[in-house]
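Just start_10.cif here, mmCIF, C-alpha atoms:
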data_model
loop_
_atom_site.label_atom_id
_atom_site.label_comp_id
_atom_site.auth_asym_id
_atom_site.auth_seq_id
_atom_site.Cartn_x
_atom_site.Cartn_y
_atom_site.Cartn_z
CA MET G 1 -10.95 69.38 -46.68
CA THR G 2 -8.10 67.84 -44.70
CA GLU G 3 -8.66 66.17 -41.36
CA LEU G 4 -6.84 68.95 -39.54
CA LEU G 5 -9.08 71.63 -41.06
CA LYS G 6 -12.19 69.60 -40.18
CA LYS G 7 -11.04 69.52 -36.57
CA LEU G 8 -10.12 73.24 -36.54
CA THR G 9 -13.57 74.19 -37.83
CA GLY G 10 -15.45 71.54 -35.86
CA LYS G 11 -17.33 71.48 -32.55
CA ASN G 12 -15.04 69.26 -30.49
CA LYS G 13 -13.23 71.61 -28.11
CA ASN G 14 -10.35 69.24 -27.41
CA GLU G 15 -9.73 68.78 -31.13
CA TYR G 16 -9.99 72.40 -32.29
CA GLU G 17 -7.88 73.71 -29.41
CA GLN G 18 -5.17 71.17 -30.19
CA VAL G 19 -5.20 72.00 -33.92
CA ALA G 20 -5.22 75.76 -33.29
CA LYS G 21 -2.22 75.34 -30.99
CA HIS G 22 -0.45 73.28 -33.67
CA LEU G 23 -1.29 75.89 -36.33
CA VAL G 24 0.44 78.69 -34.44
CA ASP G 25 3.11 76.78 -32.53
CA ASP G 26 4.34 74.91 -35.61
CA CYS G 27 3.64 77.76 -38.05
CA ASP G 28 1.59 75.50 -40.34
CA THR G 29 1.22 77.83 -43.31
CA GLU G 30 -0.28 75.10 -45.49
CA LEU G 31 -3.13 74.59 -43.06
CA PHE G 32 -3.71 78.34 -42.84
CA LYS G 33 -3.63 78.61 -46.64
CA GLU G 34 -6.26 75.86 -46.86
CA LEU G 35 -8.35 77.69 -44.28
CA THR G 36 -8.31 80.95 -46.27
CA GLU G 37 -9.21 79.06 -49.45
CA GLN G 38 -12.40 77.91 -47.74
CA ASP G 39 -13.62 81.47 -47.09
CA ASN G 40 -16.52 81.23 -49.53
CA PHE G 41 -17.63 77.84 -48.28
CA LEU G 42 -17.68 78.25 -44.50
CA PHE G 43 -20.53 79.89 -42.59
CA ASP G 44 -19.70 83.22 -40.96
CA PHE G 45 -20.19 81.87 -37.44
CA ILE G 46 -17.69 79.08 -38.15
CA LYS G 47 -15.10 81.57 -39.39
CA GLN G 48 -15.69 83.72 -36.32
CA ASN G 49 -15.15 80.69 -34.09
CA VAL G 50 -11.94 79.77 -35.90
CA ALA G 51 -10.65 83.35 -35.65
CA GLN G 52 -11.19 83.28 -31.90
CA ARG G 53 -9.46 79.89 -31.67
CA ILE G 54 -6.40 81.23 -33.50
CA TYR G 55 -6.32 84.27 -31.22
CA ASN G 56 -6.59 82.09 -28.10
CA ALA G 57 -3.71 79.91 -29.30
CA CYS G 58 -1.29 82.85 -29.47
CA ASN G 59 1.12 83.60 -26.66
CA GLU G 60 4.37 85.40 -25.98
CA LYS G 61 6.41 82.48 -27.30
CA ASN G 62 4.64 81.84 -30.62
CA TYR G 63 3.07 85.14 -31.73
CA HIS G 64 5.91 85.91 -34.15
CA ASN G 65 4.92 82.85 -36.21
CA LEU G 66 1.79 84.74 -37.30
CA LEU G 67 3.90 86.83 -39.66
CA ALA G 68 4.29 83.75 -41.89
CA PHE G 69 0.50 83.71 -42.36
CA PHE G 70 0.61 87.21 -43.92
CA LYS G 71 1.18 85.62 -47.34
CA TYR G 72 -2.43 84.36 -47.31
CA TYR G 73 -4.90 87.15 -46.70
CA SER G 74 -8.43 86.71 -45.45
CA PRO G 75 -10.66 89.43 -44.00
CA SER G 76 -12.17 86.69 -41.83
CA TYR G 77 -8.98 86.29 -39.80
CA ASP G 78 -7.04 89.52 -40.15
CA GLU G 79 -8.63 91.08 -37.06
CA ALA G 80 -7.77 88.11 -34.83
CA ILE G 81 -4.22 87.84 -36.15
CA ILE G 82 -3.50 91.55 -35.80
CA ALA G 83 -5.17 91.75 -32.39
CA ALA G 84 -2.87 88.94 -31.22
CA LEU G 85 0.22 90.63 -32.68
CA SER G 86 -0.67 93.99 -31.16
CA LYS G 87 -1.07 92.32 -27.77
CA PHE G 88 2.63 91.44 -27.83
CA ALA G 89 3.82 94.33 -29.98
CA ASN G 90 7.17 95.96 -29.41
CA GLU G 91 9.47 98.26 -31.34
CA ASP G 92 11.24 95.40 -33.12
CA LEU G 93 7.97 93.84 -34.30
CA THR G 94 6.69 97.19 -35.55
CA ASP G 95 9.92 97.80 -37.46
CA GLU G 96 9.64 94.33 -39.02
CA ILE G 97 6.07 94.94 -40.09
CA LEU G 98 7.05 98.30 -41.57
CA GLU G 99 9.63 96.46 -43.68
CA ILE G 100 7.03 93.93 -44.82
CA PHE G 101 4.65 96.78 -45.64
CA GLU G 102 7.29 98.39 -47.83
CA SER G 103 8.51 95.31 -49.72
CA GLY G 104 5.89 92.59 -49.27
CA ASN G 105 3.15 91.41 -51.60
CA GLU G 106 -0.40 92.75 -51.49
CA ASN G 107 -1.65 90.04 -49.11
CA GLU G 108 1.09 90.91 -46.64
CA LYS G 109 0.37 94.62 -47.01
CA CYS G 110 -3.29 94.02 -46.11
CA TYR G 111 -2.26 92.68 -42.70
CA CYS G 112 0.32 95.43 -42.25
CA ALA G 113 -2.26 98.14 -42.92
CA LYS G 114 -4.55 96.59 -40.32
CA TYR G 115 -1.67 96.38 -37.81
CA PHE G 116 -1.17 100.12 -37.89
CA SER G 117 -4.78 100.73 -36.92
CA TYR G 118 -3.78 99.10 -33.61
CA ILE G 119 -0.19 100.33 -33.33
CA GLN G 120 -0.49 103.90 -34.54
CA ASP G 121 3.02 104.54 -35.76
CA PRO G 122 3.27 107.74 -37.86
CA LEU G 123 6.02 106.09 -39.93
CA SER G 124 3.28 104.01 -41.57
CA ILE G 125 1.35 106.98 -42.97
CA ASP G 126 3.22 107.34 -46.27
CA LEU G 127 2.86 103.62 -46.96
CA LEU G 128 -0.83 103.74 -46.11
CA ARG G 129 -1.35 106.64 -48.52
CA GLU G 130 0.58 104.86 -51.27
CA ASN G 131 -1.58 101.75 -50.98
CA SER G 132 -5.02 103.34 -50.69
CA TYR G 133 -5.90 103.25 -54.40
CA THR G 134 -4.64 99.92 -55.70
CA GLU G 135 -6.37 97.17 -57.65
CA ASN G 136 -6.74 95.26 -54.37
CA GLU G 137 -10.01 96.26 -52.65
CA SER G 138 -9.02 94.71 -49.31
CA LEU G 139 -5.75 96.61 -49.24
CA ASN G 140 -7.50 99.86 -50.14
CA ALA G 141 -10.07 99.28 -47.42
CA ASN G 142 -7.55 98.54 -44.68
CA CYS G 143 -5.39 101.53 -45.63
CA ALA G 144 -8.32 103.93 -45.73
CA ALA G 145 -9.71 102.71 -42.41
CA THR G 146 -6.31 103.00 -40.74
CA LEU G 147 -5.75 106.50 -42.14
CA GLY G 148 -9.12 107.35 -40.61
CA VAL G 149 -7.98 106.01 -37.24
CA LEU G 150 -4.81 108.11 -37.60
CA LYS G 151 -6.94 111.11 -38.67
CA ASP G 152 -4.63 111.80 -41.60
CA VAL G 153 -5.77 115.15 -43.00
CA GLN G 154 -3.77 114.97 -46.24
CA SER G 155 -5.36 111.78 -47.54
CA TYR G 156 -8.82 112.94 -46.42
CA ASP G 157 -8.52 116.28 -48.24
CA GLU G 158 -7.18 114.53 -51.35
CA ALA G 159 -10.22 112.25 -51.43
CA LEU G 160 -12.58 115.21 -51.02
CA ASN G 161 -10.88 116.90 -53.94
CA ASN G 162 -11.21 113.74 -56.05
CA LEU G 163 -14.97 113.87 -55.58
CA LEU G 164 -14.89 116.82 -57.99
CA SER G 165 -13.08 114.84 -60.69
CA ASN G 166 -14.59 114.41 -64.15
CA ASP G 167 -13.31 110.83 -64.07
CA GLU G 168 -16.24 108.83 -62.72
CA PHE G 169 -14.06 105.94 -61.53
CA LYS G 170 -11.73 108.30 -59.69
CA LYS G 171 -14.78 109.87 -58.08
CA LEU G 172 -16.11 106.46 -57.02
CA ASP G 173 -12.71 105.49 -55.58
CA ALA G 174 -12.80 108.68 -53.54
CA VAL G 175 -16.24 107.76 -52.21
CA LYS G 176 -14.99 104.30 -51.19
CA PHE G 177 -12.00 105.86 -49.44
CA LEU G 178 -14.08 108.42 -47.54
CA VAL G 179 -16.64 105.87 -46.40
CA LEU G 180 -13.89 103.57 -45.09
CA TYR G 181 -12.01 106.53 -43.59
CA GLY G 182 -15.15 106.95 -41.54
CA ASN G 183 -15.58 110.70 -41.09
CA PRO G 184 -19.32 111.48 -41.34
CA ASP G 185 -18.47 115.12 -42.08
CA ALA G 186 -17.80 113.99 -45.66
CA LEU G 187 -21.44 112.94 -46.15
CA GLY G 188 -22.59 116.20 -47.75
CA GLU G 189 -19.78 116.23 -50.30
CA ILE G 190 -20.39 112.58 -51.16
CA ILE G 191 -24.10 113.22 -51.75
CA ASN G 192 -23.26 116.20 -53.95
CA ALA G 193 -20.91 113.99 -55.96
CA MET G 194 -23.69 111.42 -56.32
CA LYS G 195 -26.07 114.03 -57.72
CA THR G 196 -23.83 114.78 -60.70
CA SER G 197 -22.46 111.29 -61.28
CA THR G 198 -23.34 108.81 -64.01
CA MET G 199 -22.59 106.17 -61.35
CA ALA G 200 -25.10 107.52 -58.83
CA GLU G 201 -26.39 104.06 -57.89
CA ASN G 202 -22.87 102.85 -57.11
CA ILE G 203 -22.16 105.85 -54.91
CA ALA G 204 -25.51 105.58 -53.14
CA GLY G 205 -24.73 101.98 -52.23
CA TYR G 206 -21.73 103.08 -50.14
CA ILE G 207 -23.39 105.95 -48.30
CA PRO G 208 -25.29 103.88 -45.68
CA TYR G 209 -21.94 102.46 -44.55
CA LEU G 210 -20.93 105.97 -43.49
CA ALA G 211 -24.24 107.02 -41.93
CA GLU G 212 -27.51 105.21 -41.23
CA LEU G 213 -29.87 105.79 -44.14
CA SER G 214 -32.83 106.33 -41.81
CA ASP G 215 -30.87 109.02 -39.94
CA ILE G 216 -29.98 110.80 -43.20
CA ILE G 217 -33.67 110.87 -44.15
CA LYS G 218 -34.60 112.30 -40.75
CA THR G 219 -31.97 115.05 -40.80
CA ASP G 220 -31.81 115.84 -44.53
CA TYR G 221 -35.12 114.62 -45.94
CA GLU G 222 -34.74 115.37 -49.65
CA ASN G 223 -31.15 114.19 -49.94
CA GLY G 224 -31.90 111.14 -47.85
CA LEU G 225 -34.75 110.18 -50.16
CA LEU G 226 -32.51 110.81 -53.17
CA VAL G 227 -29.94 108.35 -51.79
CA LEU G 228 -32.75 105.85 -51.17
CA ASN G 229 -34.09 106.31 -54.69
CA ASN G 230 -30.70 105.59 -56.22
CA ILE G 231 -30.36 102.51 -54.03
CA ILE G 232 -33.75 101.28 -55.26
CA ASN G 233 -32.65 101.84 -58.86
CA GLY G 234 -29.44 99.88 -58.26
CA LEU G 235 -30.87 96.86 -56.45
CA GLY G 236 -30.42 93.61 -58.32
CA GLU G 237 -28.34 95.18 -61.09
CA ILE G 238 -25.55 97.16 -59.43
CA LEU G 239 -26.17 96.56 -55.73
CA GLY G 240 -26.51 93.16 -54.09
CA LEU G 241 -29.97 92.23 -52.83
CA TYR G 242 -28.55 91.46 -49.37
CA GLU G 243 -28.33 95.24 -48.92
CA VAL G 244 -32.08 95.33 -48.21
CA ILE G 245 -31.19 93.87 -44.81
CA ASN G 246 -28.00 95.90 -44.26
CA PHE G 247 -29.81 99.16 -45.06
CA ARG G 248 -32.99 98.21 -43.11
CA LEU G 249 -35.17 99.07 -46.06
CA PHE G 250 -38.29 97.43 -44.61
CA ASP G 251 -38.29 99.85 -41.66
CA ILE G 252 -37.62 102.82 -43.92
CA PHE G 253 -40.46 101.96 -46.29
CA GLU G 254 -42.75 101.30 -43.35
CA ASP G 255 -42.00 104.77 -41.97
CA LEU G 256 -42.62 106.40 -45.36
CA ILE G 257 -45.93 104.59 -45.79
CA SER G 258 -47.17 105.50 -42.29
CA ALA G 259 -46.18 109.17 -42.61
CA GLU G 260 -48.26 111.85 -44.30
CA PRO G 261 -47.58 111.34 -48.04
CA ASN G 262 -45.96 114.03 -50.14
CA SER G 263 -44.72 114.32 -53.71
CA LYS G 264 -41.20 113.15 -52.88
CA SER G 265 -42.15 110.12 -50.80
CA ALA G 266 -44.77 109.30 -53.44
CA ALA G 267 -42.06 109.09 -56.11
CA ILE G 268 -39.93 106.85 -53.88
CA LEU G 269 -42.75 104.48 -52.96
CA LEU G 270 -43.97 104.10 -56.55
CA ASN G 271 -40.42 103.37 -57.68
CA ALA G 272 -39.90 100.88 -54.84
CA GLU G 273 -43.21 99.13 -55.51
CA GLU G 274 -42.27 98.49 -59.14
CA LYS G 275 -38.72 97.43 -58.26
CA PHE G 276 -39.85 94.85 -55.69
CA ASN G 277 -42.51 93.56 -58.07
CA THR G 278 -39.72 92.97 -60.57
CA LEU G 279 -37.48 91.28 -58.00
CA THR G 280 -40.16 88.87 -56.83
CA GLU G 281 -41.62 88.08 -60.24
CA ASN G 282 -38.32 87.12 -61.89
CA ASP G 283 -36.51 84.05 -60.56
CA GLU G 284 -33.22 85.26 -62.03
CA TYR G 285 -32.92 87.85 -59.26
CA MET G 286 -33.70 85.62 -56.29
CA PHE G 287 -32.64 82.05 -57.03
CA ASP G 288 -29.16 82.15 -55.49
CA GLU G 289 -29.93 84.52 -52.59
CA ASP G 290 -29.91 83.16 -49.03
CA LYS G 291 -33.19 82.47 -47.22
CA ASN G 292 -32.99 85.59 -45.06
CA THR G 293 -32.58 87.88 -48.07
CA GLN G 294 -35.38 86.17 -49.97
CA ALA G 295 -37.72 86.44 -46.98
CA GLU G 296 -36.89 90.12 -46.46
CA ILE G 297 -37.54 90.96 -50.11
CA LYS G 298 -40.88 89.16 -50.02
CA ASP G 299 -41.86 90.99 -46.83
CA ILE G 300 -40.97 94.35 -48.39
CA HIS G 301 -42.96 93.39 -51.48
CA LYS G 302 -46.05 92.68 -49.36
CA LEU G 303 -45.59 95.93 -47.49
CA LEU G 304 -45.33 98.00 -50.67
CA ASN G 305 -48.45 96.39 -52.10
CA LYS G 306 -50.37 98.38 -49.49
CA ILE G 307 -49.64 101.75 -51.08
CA ASP G 308 -52.42 103.76 -52.69
CA LYS G 309 -50.99 104.13 -56.19
CA LYS G 310 -53.75 106.44 -57.41
CA LEU G 311 -53.15 108.88 -54.55
CA LEU G 312 -49.39 108.77 -55.01
CA LYS G 313 -49.63 109.33 -58.77
CA ASN G 314 -51.64 112.47 -58.12
CA LEU G 315 -48.99 113.70 -55.69
CA ILE G 316 -45.96 113.18 -57.94
CA VAL G 317 -47.18 115.79 -60.44
CA LYS G 318 -45.41 118.34 -58.25
CA GLU G 319 -42.08 116.63 -59.04
CA LEU G 320 -42.57 117.10 -62.80
CA ASP G 321 -40.20 120.03 -62.58
CA GLU G 322 -36.75 120.26 -64.14
CA ASN G 323 -35.36 121.46 -60.81
CA SER G 324 -36.61 118.44 -58.88
CA PRO G 325 -34.07 115.67 -58.20
CA PHE G 326 -36.99 113.24 -58.58
CA VAL G 327 -38.13 114.45 -61.99
CA PHE G 328 -37.04 111.32 -63.86
CA THR G 329 -38.75 109.06 -61.33
CA ALA G 330 -41.92 111.16 -61.52
CA LEU G 331 -41.85 110.90 -65.31
CA GLU G 332 -41.78 107.11 -65.08
CA TYR G 333 -44.93 106.87 -62.97
CA SER G 334 -47.07 109.90 -63.79
CA ASP G 335 -50.05 109.51 -66.10
CA ASN G 336 -50.86 113.23 -66.15
CA ILE G 337 -50.17 113.86 -69.82
CA GLU G 338 -50.67 117.63 -69.74
CA ALA G 339 -48.25 118.05 -66.83
CA ILE G 340 -45.72 115.83 -68.59
CA LYS G 341 -45.97 117.88 -71.79
CA GLU G 342 -44.92 121.00 -69.91
CA LEU G 343 -41.46 119.47 -69.43
CA LEU G 344 -40.90 119.67 -73.20
CA ARG G 345 -40.38 123.39 -72.63
CA CYS G 346 -37.68 123.00 -69.96
CA ASN G 347 -33.99 123.80 -70.43
CA ASP G 348 -32.52 120.36 -69.70
CA GLN G 349 -32.04 118.43 -72.94
CA THR G 350 -31.86 115.05 -71.19
CA ILE G 351 -35.19 115.70 -69.47
CA ILE G 352 -36.74 116.81 -72.77
CA LEU G 353 -35.62 113.59 -74.42
CA ARG G 354 -36.99 111.40 -71.63
CA THR G 355 -40.25 113.37 -71.65
CA ALA G 356 -40.64 112.78 -75.39
CA GLU G 357 -39.99 109.05 -74.87
CA ILE G 358 -42.59 108.86 -72.10
CA LEU G 359 -45.17 110.69 -74.22
CA LYS G 360 -44.46 108.27 -77.05
CA LYS G 361 -45.08 105.35 -74.69
CA LEU G 362 -48.34 106.95 -73.57
CA GLY G 363 -49.41 107.51 -77.19
CA ALA G 364 -49.36 111.28 -76.72
CA LEU G 365 -46.44 112.40 -78.89
CA ASN G 366 -47.55 114.10 -82.09
CA ASP G 367 -45.89 116.52 -84.51
CA THR G 368 -46.75 119.51 -82.31
CA GLU G 369 -45.03 117.97 -79.28
CA ARG G 370 -42.00 117.02 -81.39
CA THR G 371 -41.68 120.61 -82.60
CA VAL G 372 -41.88 121.95 -79.04
CA ALA G 373 -39.31 119.38 -77.90
CA LEU G 374 -36.82 120.33 -80.64
CA VAL G 375 -36.87 124.07 -79.93
CA LYS G 376 -34.20 123.95 -77.19
CA ILE G 377 -32.29 120.92 -78.39
CA THR G 378 -28.76 121.64 -79.62
CA ASP G 379 -27.36 118.10 -79.31
CA GLU G 380 -27.62 116.49 -82.75
CA ASN G 381 -27.86 112.97 -81.32
CA ILE G 382 -30.82 113.92 -79.16
CA LYS G 383 -32.44 115.68 -82.11
CA SER G 384 -32.14 112.54 -84.20
CA ILE G 385 -33.67 110.37 -81.47
CA ILE G 386 -36.67 112.70 -80.98
CA ARG G 387 -37.30 112.91 -84.72
CA ALA G 388 -37.25 109.12 -84.91
CA LEU G 389 -39.77 108.64 -82.08
#
Kindly present the structure from the file in structure tokens form.
Amino acid sequence: MTELLKKLTGKNKNEYEQVAKHLVDDCDTELFKELTEQDNFLFDFIKQNVAQRIYNACNEKNYHNLLAFFKYYSPSYDEAIIAALSKFANEDLTDEILEIFESGNENEKCYCAKYFSYIQDPLSIDLLRENSYTENESLNANCAATLGVLKDVQSYDEALNNLLSNDEFKKLDAVKFLVLYGNPDALGEIINAMKTSTMAENIAGYIPYLAELSDIIKTDYENGLLVLNNIINGLGEILGLYEVINFRLFDIFEDLISAEPNSKSAAILLNAEEKFNTLTENDEYMFDEDKNTQAEIKDIHKLLNKIDKKLLKNLIVKELDENSPFVFTALEYSDNIEAIKELLRCNDQTIILRTAEILKKLGALNDTERTVALVKITDENIKSIIRAL
């Protein structure tokens, strides 16, 4: 780290104010580049301080120099830079940024997309639409958020339509767009897309950024619990463990435990109890997490150890139904063999296969059960697996 960057990120007011003034006044792109390269190594509060220092150093005489920093994108500083530019914005600046948006590189386009969330010029809409589904996640995010600010109906409707796609990645991209667009009216369609997706855990992990998970559970209990269940399934594998804090999972589990138990909450709590046992018993999940995340996971683990597993296992029998969205979770934790066997007669071939596998694990799969299981199976691969169990 150079001496200038140490001063810019340091605590000495005289030093950091002087360096911030130099950065903007003299358009020191090398210093700004070095700053952005330190994104993963600086604490958030330090980056927030530096962003404010850059903003404070901008004035009517030097603000145009900020455009040279567009070549080096950082989400830590884009808000401060664009807020400063918008403070002094005029028609000429907006035209110049439109030109950069059209012909610049992806880093430059990220800043441009953010600019038009402040200066809501309709001439930016086509460019925002064009850059909403690129390989650059930051560019996609800024474009989607700005289109949401502009309330662009065309891009919103296109994303809703893409939720119906058979292409799972296209569907997930649509979810990302809609969450960043920020219209909570899309919540129902996103949840419906999650229900039929092979990437349900991925989709579930975006939903709480559109609406508070606890609020979804309060207003749409079954769907809210289904989102929570997919989040539990994804933790540590697909979703980062820091999400336990972002999604306030401790409070949600505490509410479920204190409420009158039912078959659906029973399935969730049994699933969560096993997941957090796994997370705390295996160092590979926790070793590089920060102290706050580790502490939160341990607290949730202690909380979930209070559940009455015997009571909850009795309750989940009700979810051993092919029409229940929690059927697979109930299968994992039920020990009611007779109730499990009934699922061999259902119409869903995937459920029949999982039921046969569970019965095998419980030592309760014999030739009679195999015969029952095979009656409604038309998929040759599934037939082969069941015969081999």
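Here CA of Asn161 in chain G stands at a distance of 23.3 Å from CA of Pro122 in chain G.
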Quiz item: Distance CA of Ala159 in chain G-CA of Tyr118 in chain G, one decimal place?
Solution: 23.1 Å
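Picture a line from CA of Ala193 in chain G to CA of Asp152 in chain G; it runs 21.8 Å.
The neighbours of Arg248 in chain G here are the residues that come within 12 Å of it, using all atoms listed in the file and leaving out any residue fewer than 6 positions away in the same chain; they are G:Pro208, G:Tyr209, G:Glu212, G:Leu213, G:Ser214, G:Asp215, G:Leu228, G:Leu241, G:Tyr242, G:Glu254, G:Asp255, G:Thr293, G:Glu296, G:Ile297, G:Ile300.
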Exercise. Evaluate the PyMOL selection byres ((chain G and resi 360) around 12) here and jot the selected residues down as a ChimeraX atom specification.
Key: /G:337,340-341,353-359,361-367,369-370,385-389
Output of the above residues as a PDB file, in the coordinates of the input, restricted to C-alpha atoms:
ATOM      1  CA  ILE G 337     -50.170 113.860 -69.820  1.00  0.00           C
ATOM      2  CA  ILE G 340     -45.720 115.830 -68.590  1.00  0.00           C
ATOM      3  CA  LYS G 341     -45.970 117.880 -71.790  1.00  0.00           C
ATOM      4  CA  LEU G 353     -35.620 113.590 -74.420  1.00  0.00           C
ATOM      5  CA  ARG G 354     -36.990 111.400 -71.630  1.00  0.00           C
ATOM      6  CA  THR G 355     -40.250 113.370 -71.650  1.00  0.00           C
ATOM      7  CA  ALA G 356     -40.640 112.780 -75.390  1.00  0.00           C
ATOM      8  CA  GLU G 357     -39.990 109.050 -74.870  1.00  0.00           C
ATOM      9  CA  ILE G 358     -42.590 108.860 -72.100  1.00  0.00           C
ATOM     10  CA  LEU G 359     -45.170 110.690 -74.220  1.00  0.00           C
ATOM     11  CA  LYS G 361     -45.080 105.350 -74.690  1.00  0.00           C
ATOM     12  CA  LEU G 362     -48.340 106.950 -73.570  1.00  0.00           C
ATOM     13  CA  GLY G 363     -49.410 107.510 -77.190  1.00  0.00           C
ATOM     14  CA  ALA G 364     -49.360 111.280 -76.720  1.00  0.00           C
ATOM     15  CA  LEU G 365     -46.440 112.400 -78.890  1.00  0.00           C
ATOM     16  CA  ASN G 366     -47.550 114.100 -82.090  1.00  0.00           C
ATOM     17  CA  ASP G 367     -45.890 116.520 -84.510  1.00  0.00           C
ATOM     18  CA  GLU G 369     -45.030 117.970 -79.280  1.00  0.00           C
ATOM     19  CA  ARG G 370     -42.000 117.020 -81.390  1.00  0.00           C
ATOM     20  CA  ILE G 385     -33.670 110.370 -81.470  1.00  0.00           C
ATOM     21  CA  ILE G 386     -36.670 112.700 -80.980  1.00  0.00           C
ATOM     22  CA  ARG G 387     -37.300 112.910 -84.720  1.00  0.00           C
ATOM     23  CA  ALA G 388     -37.250 109.120 -84.910  1.00  0.00           C
ATOM     24  CA  LEU G 389     -39.770 108.640 -82.080  1.00  0.00           C
TER      25      LEU G 389
END
Exercise. To verify the selection step, state as a PyMOL selection string which residues the PyMOL selection byres ((chain G and resi 56) around 9) yields on this input.
Key: chain G and resi 17+20-21+51-55+57-59+84
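The shortest atom-to-atom distance to Ser86 in chain G, with all atoms listed in the file taken into account, belongs to G:Cys112 out of G:Ala174, G:Cys112, G:Ile125, G:Leu5.
Within a radius of 8 Å around (-11.9, 72.7, -46.0), the polymer residues are Met1, Thr2, Leu5, Lys6, Glu34, Leu35, Glu37 and Gln38 of chain G, counting all atoms listed in the file.
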